[in-house]
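File shown: structure22.pdb (PDB, C-alpha atoms).
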ATOM      1  CA  MET T   1     262.194 185.364  86.568  1.00  0.00           C
ATOM      2  CA  SER T   2     265.380 185.135  88.549  1.00  0.00           C
ATOM      3  CA  GLU T   3     268.683 186.811  89.120  1.00  0.00           C
ATOM      4  CA  THR T   4     272.166 185.393  89.027  1.00  0.00           C
ATOM      5  CA  GLU T   5     275.032 186.028  91.348  1.00  0.00           C
ATOM      6  CA  THR T   6     277.564 186.453  88.547  1.00  0.00           C
ATOM      7  CA  THR T   7     275.679 188.957  86.406  1.00  0.00           C
ATOM      8  CA  ALA T   8     274.063 192.299  87.000  1.00  0.00           C
ATOM      9  CA  PRO T   9     271.706 191.848  89.971  1.00  0.00           C
ATOM     10  CA  THR T  10     269.110 194.058  88.306  1.00  0.00           C
ATOM     11  CA  ALA T  11     268.944 191.877  85.199  1.00  0.00           C
ATOM     12  CA  GLU T  12     265.448 190.557  84.511  1.00  0.00           C
ATOM     13  CA  TRP T  13     265.366 186.985  83.203  1.00  0.00           C
ATOM     14  CA  LEU T  14     262.694 185.409  81.015  1.00  0.00           C
ATOM     15  CA  THR T  15     261.853 181.692  81.019  1.00  0.00           C
ATOM     16  CA  LEU T  16     260.749 179.720  77.955  1.00  0.00           C
ATOM     17  CA  PRO T  17     257.007 180.110  78.711  1.00  0.00           C
ATOM     18  CA  GLU T  18     257.527 183.871  79.069  1.00  0.00           C
ATOM     19  CA  LEU T  19     259.469 183.963  75.781  1.00  0.00           C
ATOM     20  CA  VAL T  20     256.680 182.042  74.012  1.00  0.00           C
ATOM     21  CA  GLU T  21     254.207 184.661  75.216  1.00  0.00           C
ATOM     22  CA  ILE T  22     256.373 187.724  74.455  1.00  0.00           C
ATOM     23  CA  LEU T  23     257.554 186.519  71.047  1.00  0.00           C
ATOM     24  CA  GLY T  24     254.167 185.119  70.054  1.00  0.00           C
ATOM     25  CA  GLU T  25     255.853 181.952  68.778  1.00  0.00           C
ATOM     26  CA  THR T  26     255.434 178.256  69.496  1.00  0.00           C
ATOM     27  CA  LEU T  27     257.729 176.571  71.994  1.00  0.00           C
ATOM     28  CA  GLY T  28     259.372 174.716  69.100  1.00  0.00           C
ATOM     29  CA  ARG T  29     260.135 177.965  67.279  1.00  0.00           C
ATOM     30  CA  VAL T  30     261.513 179.550  70.469  1.00  0.00           C
ATOM     31  CA  ARG T  31     263.804 176.540  70.941  1.00  0.00           C
ATOM     32  CA  ARG T  32     265.017 176.967  67.340  1.00  0.00           C
ATOM     33  CA  LEU T  33     266.025 180.533  68.203  1.00  0.00           C
ATOM     34  CA  PHE T  34     268.481 178.994  70.687  1.00  0.00           C
ATOM     35  CA  ASP T  35     269.639 176.317  68.228  1.00  0.00           C
ATOM     36  CA  GLU T  36     270.235 178.963  65.552  1.00  0.00           C
ATOM     37  CA  GLN T  37     271.992 181.243  68.092  1.00  0.00           C
ATOM     38  CA  TYR T  38     269.530 184.119  67.887  1.00  0.00           C
ATOM     39  CA  LEU T  39     269.276 183.741  71.662  1.00  0.00           C
ATOM     40  CA  VAL T  40     271.502 182.312  74.371  1.00  0.00           C
ATOM     41  CA  GLY T  41     270.240 181.222  77.769  1.00  0.00           C
ATOM     42  CA  SER T  42     271.330 179.820  81.092  1.00  0.00           C
ATOM     43  CA  ARG T  43     270.109 177.066  83.390  1.00  0.00           C
ATOM     44  CA  ARG T  44     272.296 178.080  86.336  1.00  0.00           C
ATOM     45  CA  ASN T  45     269.236 179.052  88.387  1.00  0.00           C
ATOM     46  CA  GLY T  46     266.905 176.257  87.308  1.00  0.00           C
ATOM     47  CA  PRO T  47     264.851 176.432  84.117  1.00  0.00           C
ATOM     48  CA  LEU T  48     266.397 177.843  80.949  1.00  0.00           C
ATOM     49  CA  ALA T  49     266.153 181.630  81.027  1.00  0.00           C
ATOM     50  CA  VAL T  50     267.312 184.586  78.940  1.00  0.00           C
ATOM     51  CA  PRO T  51     268.153 188.121  80.072  1.00  0.00           C
ATOM     52  CA  ALA T  52     265.245 190.351  79.093  1.00  0.00           C
ATOM     53  CA  VAL T  53     267.692 192.900  77.614  1.00  0.00           C
ATOM     54  CA  PHE T  54     268.386 190.365  74.832  1.00  0.00           C
ATOM     55  CA  LEU T  55     264.950 191.293  73.415  1.00  0.00           C
ATOM     56  CA  LYS T  56     263.965 194.573  71.808  1.00  0.00           C
ATOM     57  CA  ASP T  57     260.477 195.439  70.584  1.00  0.00           C
ATOM     58  CA  GLY T  58     259.254 191.914  71.314  1.00  0.00           C
ATOM     59  CA  GLN T  59     261.969 190.216  69.219  1.00  0.00           C
ATOM     60  CA  PRO T  60     265.522 188.960  69.785  1.00  0.00           C
ATOM     61  CA  LEU T  61     267.960 191.846  69.405  1.00  0.00           C
ATOM     62  CA  ALA T  62     269.005 191.701  65.739  1.00  0.00           C
ATOM     63  CA  SER T  63     272.729 192.183  66.403  1.00  0.00           C
ATOM     64  CA  LEU T  64     272.863 189.526  69.124  1.00  0.00           C
ATOM     65  CA  ARG T  65     273.167 186.477  66.839  1.00  0.00           C
ATOM     66  CA  GLY T  66     276.430 187.473  65.185  1.00  0.00           C
ATOM     67  CA  THR T  67     277.895 188.452  68.538  1.00  0.00           C
ATOM     68  CA  ILE T  68     276.906 185.107  70.081  1.00  0.00           C
ATOM     69  CA  ILE T  69     278.574 183.329  67.149  1.00  0.00           C
ATOM     70  CA  VAL T  70     281.799 185.340  67.642  1.00  0.00           C
ATOM     71  CA  LEU T  71     281.815 184.529  71.371  1.00  0.00           C
ATOM     72  CA  LYS T  72     281.151 180.819  70.745  1.00  0.00           C
ATOM     73  CA  ASP T  73     283.966 180.773  68.162  1.00  0.00           C
ATOM     74  CA  ALA T  74     286.203 182.276  70.872  1.00  0.00           C
ATOM     75  CA  GLY T  75     285.383 179.280  73.090  1.00  0.00           C
ATOM     76  CA  PHE T  76     282.803 180.866  75.385  1.00  0.00           C
ATOM     77  CA  SER T  77     280.131 178.709  76.994  1.00  0.00           C
ATOM     78  CA  ASP T  78     276.553 180.026  77.043  1.00  0.00           C
ATOM     79  CA  ASP T  79     276.967 181.236  80.635  1.00  0.00           C
ATOM     80  CA  GLU T  80     280.296 182.904  79.850  1.00  0.00           C
ATOM     81  CA  ALA T  81     278.814 184.644  76.805  1.00  0.00           C
ATOM     82  CA  ILE T  82     275.884 185.942  78.859  1.00  0.00           C
ATOM     83  CA  ASP T  83     278.202 187.133  81.638  1.00  0.00           C
ATOM     84  CA  TRP T  84     280.423 188.962  79.145  1.00  0.00           C
ATOM     85  CA  LEU T  85     277.460 190.603  77.430  1.00  0.00           C
ATOM     86  CA  LEU T  86     275.988 191.838  80.719  1.00  0.00           C
ATOM     87  CA  ALA T  87     279.169 192.938  82.526  1.00  0.00           C
ATOM     88  CA  GLU T  88     280.791 196.302  81.931  1.00  0.00           C
ATOM     89  CA  GLU T  89     283.600 195.981  79.393  1.00  0.00           C
ATOM     90  CA  GLU T  90     286.453 198.321  80.299  1.00  0.00           C
ATOM     91  CA  SER T  91     287.517 199.000  76.712  1.00  0.00           C
ATOM     92  CA  MET T  92     283.980 200.114  75.806  1.00  0.00           C
ATOM     93  CA  GLY T  93     283.093 201.859  79.054  1.00  0.00           C
ATOM     94  CA  ARG T  94     279.762 200.022  79.223  1.00  0.00           C
ATOM     95  CA  ALA T  95     278.265 196.559  79.000  1.00  0.00           C
ATOM     96  CA  PRO T  96     278.444 195.012  75.509  1.00  0.00           C
ATOM     97  CA  ILE T  97     274.673 194.443  75.516  1.00  0.00           C
ATOM     98  CA  ALA T  98     274.163 198.182  76.102  1.00  0.00           C
ATOM     99  CA  ALA T  99     276.395 198.939  73.108  1.00  0.00           C
ATOM    100  CA  LEU T 100     274.475 196.427  70.969  1.00  0.00           C
ATOM    101  CA  ARG T 101     271.150 197.965  71.986  1.00  0.00           C
ATOM    102  CA  GLU T 102     272.548 201.370  70.926  1.00  0.00           C
ATOM    103  CA  GLY T 103     273.513 200.023  67.488  1.00  0.00           C
ATOM    104  CA  HIS T 104     277.267 199.588  68.001  1.00  0.00           C
ATOM    105  CA  LYS T 105     277.608 195.971  66.903  1.00  0.00           C
ATOM    106  CA  SER T 106     280.925 196.481  65.070  1.00  0.00           C
ATOM    107  CA  GLU T 107     282.576 197.798  68.228  1.00  0.00           C
ATOM    108  CA  VAL T 108     281.220 194.921  70.312  1.00  0.00           C
ATOM    109  CA  ARG T 109     282.289 192.249  67.823  1.00  0.00           C
ATOM    110  CA  ARG T 110     285.733 193.815  67.416  1.00  0.00           C
ATOM    111  CA  VAL T 111     286.284 193.560  71.178  1.00  0.00           C
ATOM    112  CA  ALA T 112     284.776 190.042  71.288  1.00  0.00           C
ATOM    113  CA  ARG T 113     287.200 188.852  68.584  1.00  0.00           C
ATOM    114  CA  THR T 114     290.149 189.867  70.770  1.00  0.00           C
ATOM    115  CA  LEU T 115     288.989 187.455  73.469  1.00  0.00           C
ATOM    116  CA  ALA T 116     289.792 184.281  71.511  1.00  0.00           C
TER
END

Please render this file's structure as structure tokens.
Amino acid sequence: MSETETTAPTAEWLTLPELVEILGETLGRVRRLFDEQYLVGSRRNGPLAVPAVFLKDGQPLASLRGTIIVLKDAGFSDDEAIDWLLAEEESMGRAPIAALREGHKSEVRRVARTLA
């Protein structure tokens, strides 16, 4: 687990082997979660890793996939999408990932669409 300089310093990051263990899936299935945009990760600190807050109850956060797709459609790279999700968004008064975890996906996606 590592931290990044550009995101919240308290963010816990999970590597692929940790995701395999937490999700109870094969490595191939975990990789498909990235391919199908259920998860987004970063290699900026070495091995591919995902912020732990992207998981809830041992599964990828259900509302994350659609939000990742909106951000990718807006031209965001994986690292940019992660940074946006973890940083406080002025218009929401909190980090988008916090809003998603609280069930406010419509608000998050509405703001994300304005970023294109």

* Between T:Ala99, T:Ala52, T:Val40, T:Val70, which one has atoms that come closest to Ile82 of chain T, using all atoms listed in the file? ->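 Once distances to Ile82 of chain T are computed over all atoms listed in the file, the minimum belongs to T:Val40.
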
* Residues matched by the PyMOL selection byres ((chain T and resi 49) around 10), written as a PyMOL selection string -> chain T and resi 1-3+12-19+40-48+50-52

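With distances taken over all atoms listed in the file, T:Glu89 is the one residue among T:Asp57, T:Asp35, T:Asp79, T:Glu89 lying closest to Leu115 of chain T.
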
* To do: Grab the atom CA of Glu107 of chain T to atom CA of Ser63 of chain T distance for me, in Å with one decimal place.
  => 11.5 Å

* Excluding segment 101-103 of chain T and residues on its chain fewer than 6 positions from it, collect all residues at most 9 Å away from it, counting all atoms listed in the file, and give them as a ChimeraX atom specification. => /T:53-54,56,61,63

* Asked: Which polymer residues have any atom within 12 Å of an atom of Phe76 of chain T, counting all atoms listed in the file, with same-chain residues fewer than 3 positions away left out, as a PyMOL selection string?
  -> chain T and resi 40+67-73+79-85+112-113+115-116

* To do: May I ask for the distance between atom CA of Ala95 of chain T and atom CA of Gln59 of chain T, given in Å to one decimal place?
  =>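 So the answer is 20.0 Å.
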
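If you measure from each of T:Tyr38, T:Gly58, T:Pro96, T:Arg109 to Glu25 of chain T using only C-alpha atoms, the closest one turns out to be T:Gly58.
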
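For the atom pair formed by atom CA of Leu23 of chain T and atom CA of Glu88 of chain T, the distance is 27.5 Å, given to one decimal.
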
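Each of T:Val108, T:Leu55, T:Val20, T:Ala11 was compared to Arg94 of chain T using all atoms listed in the file, and T:Val108 turns out to be the nearest.
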
* To do: Measuring atom to atom with only C-alpha atoms, identify which of T:Ile22, T:Ala87, T:Ala74, T:Leu64 is nearest to Leu100 of chain T.
  => T:Leu64
